[in-house]
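Everything below concerns the one structure shown next.
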Amino acid sequence: MDEMEKRLAACFSAVLPDLSPEEIRQASPTSVEGWDSVATVTLLAVVEEEFGITIDEEDPARFDSFKNILAYLQQTVK
Amino acid sequence: MKLIEALAILKGAKDRSTGAFTCFLATGFNPLHLNTFLTAELALLFTDQKIQIQNGLYGDLLGNVSRLEKAAVEVGIVVIEWADLDARLGIRSSALSSPSLCVDIVETVRTRASQIQRSIEATCQRMPVIVCFPTLPLLPISFVPGWQASSLEIELNAIMQSVCSQISQCAQVRVLSPQRMDMASPLPERHDVESELLTGFPYRLAHASALANLLAQLTRQPTPKKGLITDLDDTLWRGLLGEVGSEGISWDLDHHSQMHAFYQRILGALASEGVLLGIASKNERAFVESALGRKDLALPPMVFFPIEVSWGAKSEAVARILKTWNVGPDSVVFIDDSPLELAEVKASHPEMECLQFPTKNSVAIYDLALRLRDLFGKSAILEEDSIRAQSIRRSHAVANDYKAARRTAANFLEHVEAEMSFDFTKVPLDPRALELVNKTNQFNLNGKRFKEASWQDYFRSPESFLLLASYTDKYGPLGKIAVIAGRQNGRKLYIDTWVMSCRAFSRRIEYMCLEELFAKLGVDDIELDYVRTERNSPLREFLAEVSGGASPKCRIYRHSFEKRSNTLREPQEMTNG
């Protein structure tokens, strides 16, 4: 797990504290019971704060899983 | 605090099993991250309690304030933003104003603000209510350019000021300081337009965090410090007295030393609020007396007591002052310009707040003033505050008089013309009673502290009673100095709380309180909810005398108390109050 992945996992762990590290990597709204709209808003706010970015939320589908958010960060954060 | 840190605090506090701290956060907007930050801040303040925050319905501030009125919580928090008073003032429904629309908006805001005010006034009869007036800037909806205050802006602010002024008069209402808010969160960095449009949450995270921090502080204001010990040279005044003499020291414009005059005025203000002021200085006493006798000093020198002037260690002088005041080091602030002296005092009194006087940085005197305001701040100044320092001086006179006359405790009280008065009033509750309960350590039955709401709830029970004792003698009044709270069941009394100010020691006030309870309430048996604490040895010693020993649920019977009380009217050593 690289540094960015670790930091993102910490964000997930803060918002969805009951998930194990393995579950976090597989997490999506359909697989995690507590991942509701409030969790999404909170998660994006935590990620923005942690990585110092502003996420363009026009396409929320891009942020519907750990993998997708990680991919977004890898493209956006230098 | 970052959001991820707040969430981590919440995670850590999740499994707390002791009682919950409950509050109701009434907002018109979606409280989202403000809830998270507030819960985290409260979890840091109430370290052993679960934090439970209730909210009402999104978009209904008026309704939520009404819900707060009926909520079973300890504290109510109302956060008002402009859009909650009229949706047209929010970005989701904003309208560029025409003059007629402005009139309508002003009237709507006036009506809603007035309704909110009435609800808050009703709610604060039951619980403390914290109120935050709009923190977000008004949207640029007026027709005037932004650098000109529009009549709409002026009128809306006037309405808020008026409501704020009126509700702040209510005893249990605490208004968040806009000035402190401005310092913690710059105005242009508060509003998150995108978040408000997308989720209904109008704050940037940093603003939500700062706001939550201040709201949390208002839920439990720390116990104010009781005393301040100050150095003299390059602190109370500029210059070294031993080198330049009393005429050479300064605190004026000519010598560029006005910061010391400002400091003197701060101390004068603290003294008038009941803060004890002492001096610890390495100097010659005659020089100090001459300097304190200068007519242009910005505060009367008599506010300082005691004045410890010697060439010994400052920590020893500080220890003597603490003994005279009969307060612990954790209740006192020490101020000196010398880092060495500060370190020496801190090493001997680690619980003491030691602050450096910024002699070489006049800008920093403002920060010191802010710090002192926070350390000594209190919601209200009571009668007892104004007589505290005088009564400590008098205690010395009393002790000296006692020693000189070698009197017994009983005839000594006669000699000083001691007078006690007892007040059993429960409605309205005297705020001095709770203040005493929450700050007294030594003569304290069990160390229990109360929040305002639980203190009020306690006295709702018809069996409950409250005794507030006042004392005066020929040396002057001590004010309200003892509190007993308990319950009566027939001829038996249960005392749950008993505190007495250390200023009232050695006057047999505790005996007179018991005599009053037996006589006034007609009971034969008193059971005390005694718990040993680190600092309640004076109470323990008293119980050993009247109850044969201090133990949980120890009892005092009328017949044996009366017998002992007579025996105890024998000569005894007078301690210094």
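So you can find residues: chains in the structure tokens are A, B, ... in the order shown, residues in each start at 1, and ligands are numbered from 1 in order.
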Skip Thr30 (chain A) itself and residues of its chain fewer than 5 positions away, then list as a ChimeraX atom specification all residues within 10 Å of it, counting only C-alpha atoms.
/A:35-36,64-65
Would you mind exporting the chosen residues as a PDB file, in the first residue's frame, restricted to N, CA and C atoms?
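Output saved as selection09.pdb:
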ATOM      1  N   TRP A  35     -22.744   3.303   4.536  1.00  0.00           N
ATOM      2  CA  TRP A  35     -22.325   4.281   3.521  1.00  0.00           C
ATOM      3  C   TRP A  35     -23.562   4.922   2.886  1.00  0.00           C
ATOM      4  N   ASP A  36     -24.079   5.937   3.531  1.00  0.00           N
ATOM      5  CA  ASP A  36     -25.254   6.637   3.014  1.00  0.00           C
ATOM      6  C   ASP A  36     -24.819   7.995   2.450  1.00  0.00           C
ATOM      7  N   ASP A  64     -17.710   6.476  -5.894  1.00  0.00           N
ATOM      8  CA  ASP A  64     -18.571   5.483  -5.262  1.00  0.00           C
ATOM      9  C   ASP A  64     -17.808   4.252  -4.781  1.00  0.00           C
ATOM     10  N   SER A  65     -16.496   4.334  -4.726  1.00  0.00           N
ATOM     11  CA  SER A  65     -15.748   3.213  -4.158  1.00  0.00           C
ATOM     12  C   SER A  65     -14.346   3.677  -3.789  1.00  0.00           C
TER      13      SER A  65
END
With the cut-off set at 8 Å and counting only C-alpha atoms, tabulate each residue of chain B with an atom at most that distance from an atom of chain A, showing the nearest atom pair and its distance in Å to one decimal, ordered by chain and increasing number, as a tab-separated table.
residue	atom	partner	partner_atom	distance
B:Lys2	CA	A:Glu49	CA	7.4
B:Leu3	CA	A:Val46	CA	6.0
B:Ile4	CA	A:Val46	CA	5.9
B:Leu7	CA	A:Ala14	CA	5.5
B:Ala8	CA	A:Ala14	CA	5.8
B:Lys11	CA	A:Pro17	CA	7.0
B:Leu32	CA	A:Val38	CA	7.7
B:His33	CA	A:Thr42	CA	7.4
B:Thr199	CA	A:Val41	CA	8.0
Within 12 Å of Thr111 (chain B), counting only C-alpha atoms, which residues qualify if same-chain residues fewer than 6 places away don't, as a ChimeraX atom specification?
/B:62,85-86,104-105,117-118,156,159-160,163
Taking only chain A into account, list the residues labelled helix (DSSP H, G or I) by DSSP (computed from the backbone), as a PyMOL selection string.
chain A and resi 3-15+21-25+37-51+60-63+66-76
Nearby residues (only C-alpha atoms) at most 8 Å from Glu273 (chain B), same-chain spacing under 6 positions excluded, as a ChimeraX atom specification
/B:381,385-386
Leaving out Ser151 (chain B) and any residue of its chain fewer than 5 positions from it, which residues lie within 12 Å of it when counting only C-alpha atoms, given as a list in words?
Ser97, Ser98, Pro99, Cys102, Val103, Ile105, Val106, Ile141, Ser142, Phe143, Val144, Pro145, Leu156, Asn157 and Ala158 of chain B
For Arg558 (chain B), work out the shell of residues within 7 Å, counting only C-alpha atoms and skipping chain neighbours fewer than 3 positions away, then give it as an MDAnalysis selection string.
chainID B and resid 518 524:525 561:562
Filtering to N, CA and C atoms, could you give me those residues as an mmCIF file, in the first residue's frame?
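To be explicit, this is the file written out as result_37.cif:
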data_model
loop_
_atom_site.group_PDB
_atom_site.id
_atom_site.type_symbol
_atom_site.label_atom_id
_atom_site.label_comp_id
_atom_site.auth_asym_id
_atom_site.auth_seq_id
_atom_site.Cartn_x
_atom_site.Cartn_y
_atom_site.Cartn_z
ATOM 1 N N PHE B 518 -31.265 21.567 62.623
ATOM 2 C CA PHE B 518 -32.019 20.841 63.653
ATOM 3 C C PHE B 518 -33.222 21.670 64.116
ATOM 4 N N ASP B 524 -34.258 14.982 63.880
ATOM 5 C CA ASP B 524 -33.488 14.402 64.986
ATOM 6 C C ASP B 524 -32.217 13.737 64.494
ATOM 7 N N ASP B 525 -32.164 13.483 63.182
ATOM 8 C CA ASP B 525 -31.108 12.618 62.657
ATOM 9 C C ASP B 525 -30.701 13.159 61.279
ATOM 10 N N PHE B 561 -25.308 15.786 69.187
ATOM 11 C CA PHE B 561 -24.723 17.021 68.644
ATOM 12 C C PHE B 561 -24.823 18.145 69.677
ATOM 13 N N GLU B 562 -25.992 18.236 70.308
ATOM 14 C CA GLU B 562 -26.167 19.325 71.287
ATOM 15 C C GLU B 562 -25.203 19.165 72.451
#
Polymer residues at most 12 Å from Leu342 (chain B), only C-alpha atoms, same-chain spacing of 2 or more positions, as a list in words
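Skipping anything fewer than 2 positions along the chain leaves Ile229, Thr230, Asp231, Ala280, Ala313, Lys314, Ser315, Val318, Val333, Phe334, Ile335, Asp336, Asp337, Ser338, Pro339, Leu340, Glu344, Val345, Lys346, Ala347, Ser348, His349, Pro350, Met352, Glu353, Cys354, Leu355, Gln356 and Phe357 of chain B.
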Please produce a file of the residues just selected, as a PDB file, in the first residue's frame, where the atoms kept are C-alpha atoms.
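Saved file part01.pdb follows:
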ATOM      1  CA  ILE B 229       0.445  37.364  41.942  1.00  0.00           C
ATOM      2  CA  THR B 230       2.476  39.961  40.146  1.00  0.00           C
ATOM      3  CA  ASP B 231       6.103  40.970  40.065  1.00  0.00           C
ATOM      4  CA  ALA B 280       5.970  38.875  45.021  1.00  0.00           C
ATOM      5  CA  ALA B 313      13.118  32.700  46.327  1.00  0.00           C
ATOM      6  CA  LYS B 314       9.976  33.870  44.563  1.00  0.00           C
ATOM      7  CA  SER B 315       8.455  30.433  44.989  1.00  0.00           C
ATOM      8  CA  VAL B 318       4.298  32.759  46.377  1.00  0.00           C
ATOM      9  CA  VAL B 333      -1.826  33.087  38.021  1.00  0.00           C
ATOM     10  CA  PHE B 334       1.739  34.315  38.492  1.00  0.00           C
ATOM     11  CA  ILE B 335       3.097  37.073  36.244  1.00  0.00           C
ATOM     12  CA  ASP B 336       6.736  38.087  36.009  1.00  0.00           C
ATOM     13  CA  ASP B 337       8.964  39.487  33.270  1.00  0.00           C
ATOM     14  CA  SER B 338      11.806  37.111  34.109  1.00  0.00           C
ATOM     15  CA  PRO B 339      11.721  33.637  32.491  1.00  0.00           C
ATOM     16  CA  LEU B 340      14.048  32.468  35.262  1.00  0.00           C
ATOM     17  CA  GLU B 344      11.544  28.758  39.505  1.00  0.00           C
ATOM     18  CA  VAL B 345       7.944  29.353  40.612  1.00  0.00           C
ATOM     19  CA  LYS B 346       6.603  26.793  38.135  1.00  0.00           C
ATOM     20  CA  ALA B 347       9.031  24.179  39.447  1.00  0.00           C
ATOM     21  CA  SER B 348       7.706  24.617  42.991  1.00  0.00           C
ATOM     22  CA  HIS B 349       4.062  25.129  42.008  1.00  0.00           C
ATOM     23  CA  PRO B 350       3.539  23.113  38.812  1.00  0.00           C
ATOM     24  CA  MET B 352       0.119  27.367  38.775  1.00  0.00           C
ATOM     25  CA  GLU B 353      -0.426  29.260  35.523  1.00  0.00           C
ATOM     26  CA  CYS B 354       2.793  31.249  35.038  1.00  0.00           C
ATOM     27  CA  LEU B 355       2.733  33.993  32.402  1.00  0.00           C
ATOM     28  CA  GLN B 356       5.565  36.151  31.205  1.00  0.00           C
ATOM     29  CA  PHE B 357       5.028  39.892  31.196  1.00  0.00           C
TER      30      PHE B 357
END
At what distance in Å, to one decimal, does CA of Ile154 (chain B) lie from CA of Leu138 (chain B)?
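Going from CA of Leu138 (chain B) over to CA of Ile154 (chain B) covers 10.8 Å.
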Could you jot down the CA of Leu241 (chain B) to CA of Gly274 (chain B) separation for me, Å, one decimal place?
28.3 Å
Using CA of Glu516 (chain B) and CA of Asp529 (chain B) as the two end points, give the distance in Å to one decimal.
18.9 Å
